[in-house]
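Asks: Here you go, one structure.
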Amino acid sequence: ARVDKAGFKHFMAKEIHEQPSTIAEAVRAYLPVGDDAVTLPDGGLDFTGIDRVVMVACGTAYYACLTAKYWFEQLARLPVEVDIASEFRYREPPVAARTLALFVSQSGETADTLAALRYCAGKAERIVSVVNVPESSIARESDLALPIHAGVEIGVASTKAFTCQLSVLLILALKAATDRGALTADDLADHIAALRGLPASINAALDQEPAMESVAKRLAEARDILFLGRGLMYPLALEGALKLKEISYIHAEAYASGELKHGPIALIDNQVPVVVMAPRDELFDKSVSNMQEVMAREGKVLLISDDKGISEAGDGVWQTIRMPRVHDSLAPILYALPAQLLAYHTAVAKGTDVDQPRNLAKSVTVE
Ligand code: G6P
């Protein structure tokens with residue numbers, strides 16, 4: 001079927017706005033209505049025979065894996081190693097017995113990811129993939145392929161595929177947690193209810209688009225932008241910086257907030273916007289002290305947080321973007337929206353080719 005822009009100026013804008021329904025679709029596929037348990041296709045997967053997980057991917061899919069590491073380790077108490085496919089395949093790392101090898105790829109055709117999968121075949125206990133294209137090479141060569149149900153993604157900068165990858169990976173972490181007896185029935189029910197409510201929160205985040213558009217006009221004037229996050233928000237900070245680089249061509253870097261004082265703080269002056277992604281979770285106080293370090297050096301803090309976080313952050317913050325409150329585990333999925341929309345509107349303000357950024361390809365099938 002032909003895919004058009006459905007009235008949006010760019011495919012990327014359309015795909016960003018599709019996320020309430022694509023996420024709902026992904027959640028429904030693995031958490032069927034009326035059943036409070038995770039359902040996997042094709043005979044599923046039992047984590048009781050698994051001692052560790054290795055996740056391998058490229059680009060945005062790699063950041064989805066980094067986020068999933070926090071979920072698998074915190075919820076399922078299962079150790080996870082994450083690697084960039086081009087590094088993994090040539091390092092030829094040992095793959096221990098009882099390892100689940102997990103490959104995440106929107107296209108399912110990325111050459112390095114496919115090569116990493118082939119390297120693990122015959123070594124890992126199970127080969128599982130999280131893909132958007134069920135008939136792709138990576139899906140076909142896996143023992144189990146988990147479709148993300150995002151629909152065709154045209155914009156080179158991945159958006160809806162990322163949030164669907166995250167949704168499926170979180171659900172898979174819940175499955176691992178259940179199999180390993182690491183999560184109480186109540187906690188599982190809380191997570192499931194939160195996932196089912198996520199599309200409504202994504203819609204509420206989309207309502208903040210005008211605020212993001214106006215901040216983006218200011219960001220478009222910057223030469224360098226720093227993204228900071230802690231815990232689950234750290235991989236998302238990396239994704240926010242990547243999105244901005246890809247389509248606006250502004251230099252952006254992301255750091256774990258706690259690393260600020262080990263280097264990047266040297267870059268801070270009154271010209272550098274610092275995007276802090278920090279829901280009011282248990283690490284919030286630490287993020288506030290990092291923000292204060294930035295503001296003491298006249299850095300311009302753009303705080304993305306919820307009501308409580310914004311009011312507790314105090315004075316001196318340059319700009320704020322308000323997100324609805326969600327279950328802590330779901331914050332990286334929700335906060336992907338402002339990361340995407342800031343990049344999008346910054347690129348639009350600069351007049352770059354949003355859907356076809358220079359030098360980039362949607363699918364990298366050669367090395
Ligand atoms: C390219 C795309 C990125 C994507 C990456 C991995 O670089 O421009 O948006 O994240 O490949 O692609 P995959 O299809 O494996 O997810």
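How things are named: the first chain in the structure tokens is A, the next is B, and so on; residues count from 1 in each chain; ligands count from 1 in the order shown.
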Would you list the contacts of Ile23 of chain A as a PyMOL selection string, taking every protein, DNA or RNA residue within 8 Å and counting only C-alpha atoms, but skipping same-chain residues closer than 2 positions in sequence?
Replies: chain A and resi 19-21+25-27+150+163-164+167+198-199
Asks: Hey, which residues come within 7 Å of ligand 1 if we count only C-alpha atoms and all ligand atoms? Could you give them as an NGL selection string?
Replies: :A and (57-61 or 104-110 or 113 or 156-158 or 360-364)
Asks: Could you go through segment 114-335 of chain A and tell me which residues DSSP, when run on the backbone, assigns to alpha helix (DSSP H), listing them as a count of residues only?
Replies: 104
Asks: Produce a table with one row for each residue of segment 85-157 of chain A that has an atom at most 8 Å from any atom of segment 3-16 of chain A, each row naming the nearest atom pair and its distance in Å at one decimal; use only C-alpha atoms; arrange rows by chain and rising residue number; format as a tab-separated table.
Replies:
```
residue	atom	partner	partner_atom	distance
A:Val152	CA	A:Val3	CA	7.9
A:Glu153	CA	A:Glu15	CA	7.1
A:Ile154	CA	A:Phe11	CA	6.3
A:Gly155	CA	A:Met12	CA	4.9
A:Ala157	CA	A:Met12	CA	7.4
```
Asks: Hey, can you spit out that residue selection with N, CA and C atoms as a JSON list (two decimals), in the first residue's frame?
Replies:
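Written file, out17.json:
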```
[["chain", "number", "residue", "atom", "x", "y", "z"],
["A", 152, "VAL", "N", 4.94, 0.86, 8.40],
["A", 152, "VAL", "CA", 6.06, 1.33, 7.58],
["A", 152, "VAL", "C", 6.60, 2.66, 8.11],
["A", 153, "GLU", "N", 7.91, 2.73, 8.27],
["A", 153, "GLU", "CA", 8.54, 3.98, 8.70],
["A", 153, "GLU", "C", 9.37, 4.53, 7.54],
["A", 154, "ILE", "N", 9.05, 5.75, 7.13],
["A", 154, "ILE", "CA", 9.71, 6.33, 5.95],
["A", 154, "ILE", "C", 10.80, 7.32, 6.35],
["A", 155, "GLY", "N", 10.54, 8.14, 7.33],
["A", 155, "GLY", "CA", 11.53, 9.14, 7.76],
["A", 155, "GLY", "C", 12.83, 8.43, 8.11],
["A", 157, "ALA", "N", 15.18, 9.37, 10.08],
["A", 157, "ALA", "CA", 15.36, 9.40, 11.54],
["A", 157, "ALA", "C", 14.23, 8.60, 12.18]]
```
Asks: By how many Å are atom CA of Val33 of chain A and atom CA of Leu232 of chain A apart?
Replies: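 A separation of 27.3 Å between them.
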Asks: Given only C-alpha atoms as the basis, pick out the residue of A:Gly44, A:Ala29, A:Ile127, A:Leu238 nearest to Pro147 of chain A.
Replies: A:Ala29
Asks: If we count only C-alpha atoms and set the cut-off at 10 Å, which residues sit around Pro210 of chain A, ignoring sequence neighbours fewer than 6 positions away in its own chain? Please answer as an MDAnalysis selection string.
Replies: chainID A and resid 216 341 345
Asks: Can you write just those residues out, N, CA and C atoms, as a PDB file, in the first residue's frame?
Replies:
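The resulting file, part36.pdb, is shown below:
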```pdb
ATOM      1  N   ALA A 216      12.373  25.044  20.311  1.00  0.00           N
ATOM      2  CA  ALA A 216      13.216  24.588  19.194  1.00  0.00           C
ATOM      3  C   ALA A 216      13.747  25.770  18.387  1.00  0.00           C
ATOM      4  N   LEU A 341      10.413  15.636  18.964  1.00  0.00           N
ATOM      5  CA  LEU A 341       9.795  16.885  18.501  1.00  0.00           C
ATOM      6  C   LEU A 341      10.750  18.075  18.589  1.00  0.00           C
ATOM      7  N   HIS A 345      11.439  20.109  15.194  1.00  0.00           N
ATOM      8  CA  HIS A 345      11.166  21.548  15.018  1.00  0.00           C
ATOM      9  C   HIS A 345      12.449  22.372  14.899  1.00  0.00           C
TER      10      HIS A 345
END
```
Asks: Which one is closest to Glu87 of chain A: A:Val168, A:Leu100, A:Leu267, A:Val56? Count only C-alpha atoms.
Replies: A:Val56
Asks: Need the shell around segment 74-82 of chain A: protein/DNA/RNA residues with any atom at most 7 Å away, counting only C-alpha atoms. Skip same-chain ones fewer than 4 positions apart. Format as a compact mmCIF listing (two decimals) with C-alpha atoms, in the first residue's frame?
Replies:
```txt
# COMPACT_ATOMS: atom_id res chain seq x y z
CA ASP A 51 21.49 -16.69 32.71
CA ARG A 52 22.40 -13.64 30.66
CA VAL A 53 21.31 -11.58 27.69
CA VAL A 54 23.44 -10.04 24.97
CA MET A 55 21.76 -7.29 22.98
CA VAL A 56 23.21 -6.08 19.70
CA CYS A 65 18.81 -1.90 23.78
CA LEU A 66 20.66 0.33 26.25
CA LYS A 69 19.37 -3.21 29.86
CA TYR A 70 18.02 -1.12 32.76
CA ALA A 173 11.60 -7.72 30.43
CA LEU A 174 8.31 -8.26 32.26
CA ALA A 176 11.68 -12.45 32.00
CA ALA A 177 10.84 -11.04 35.43
CA ARG A 180 12.36 -15.74 37.07
CA ALA A 182 11.57 -11.50 40.26
CA LEU A 183 8.38 -9.45 40.17
```
Asks: In terms of the shortest atom-to-atom distance over only C-alpha atoms, which of A:Ala256, A:Leu114, A:Ile50, A:Ala343 is closest to Glu213 of chain A?
Replies: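 Of A:Ala256, A:Leu114, A:Ile50, A:Ala343, the one nearest Glu213 of chain A is A:Ala343, counting only C-alpha atoms.
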Asks: Would you please give, as a VMD selection string, all residues of segment 162-329 of chain A that DSSP assigns to strand (DSSP E or B) based on the backbone?
Replies: chain A and resid 224 to 229 251 to 256 273 to 277 300 to 305 319 to 322
Asks: Choose the residue, out of A:Val326, A:Ile138, A:Ala278, A:Cys120, that has the smallest atom-to-atom separation from Pro93 of chain A; count only C-alpha atoms.
Replies: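 Looking at the shortest contact to Pro93 of chain A, the residue is A:Cys120.
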Asks: Which distance in Å separates atom CA of Glu92 of chain A and atom CA of Ala116 of chain A, to one decimal?
Replies: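 Taking atom CA of Glu92 of chain A and atom CA of Ala116 of chain A, their separation equals 8.9 Å.
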Asks: Considering only C-alpha atoms, give me a table of residues in segment 100-214 of chain A that are at most 12 Å from segment 333-338 of chain A, with the closest atom pair and distance in Å for each, as a tab-separated table.
Replies:
```
residue	atom	partner	partner_atom	distance
A:Ser158	CA	A:Ala336	CA	11.0
A:Thr159	CA	A:Ala336	CA	8.2
A:Lys160	CA	A:Leu337	CA	9.4
A:Ala161	CA	A:Ile333	CA	11.2
A:Phe162	CA	A:Ala336	CA	8.4
A:Thr163	CA	A:Ile333	CA	5.6
A:Cys164	CA	A:Ile333	CA	8.5
A:Gln165	CA	A:Ile333	CA	9.5
A:Leu166	CA	A:Ile333	CA	6.5
A:Ser167	CA	A:Ile333	CA	7.3
A:Val168	CA	A:Ile333	CA	10.9
A:Leu169	CA	A:Ile333	CA	10.9
A:Leu170	CA	A:Ile333	CA	9.8
A:Ala194	CA	A:Leu334	CA	11.5
A:Leu195	CA	A:Ile333	CA	10.0
A:Gly197	CA	A:Leu334	CA	11.3
A:Leu198	CA	A:Leu334	CA	7.7
A:Pro199	CA	A:Leu334	CA	9.0
A:Ala200	CA	A:Leu334	CA	10.3
A:Ser201	CA	A:Leu334	CA	7.2
A:Ile202	CA	A:Leu334	CA	6.0
A:Asn203	CA	A:Leu334	CA	9.6
A:Ala204	CA	A:Leu334	CA	9.7
A:Ala205	CA	A:Leu337	CA	6.9
A:Leu206	CA	A:Leu337	CA	7.3
A:Asp207	CA	A:Leu337	CA	10.7
A:Gln208	CA	A:Pro338	CA	8.5
A:Glu209	CA	A:Pro338	CA	7.9
A:Pro210	CA	A:Pro338	CA	11.0
A:Ala211	CA	A:Pro338	CA	9.9
A:Met212	CA	A:Pro338	CA	7.0
A:Glu213	CA	A:Pro338	CA	9.9
```
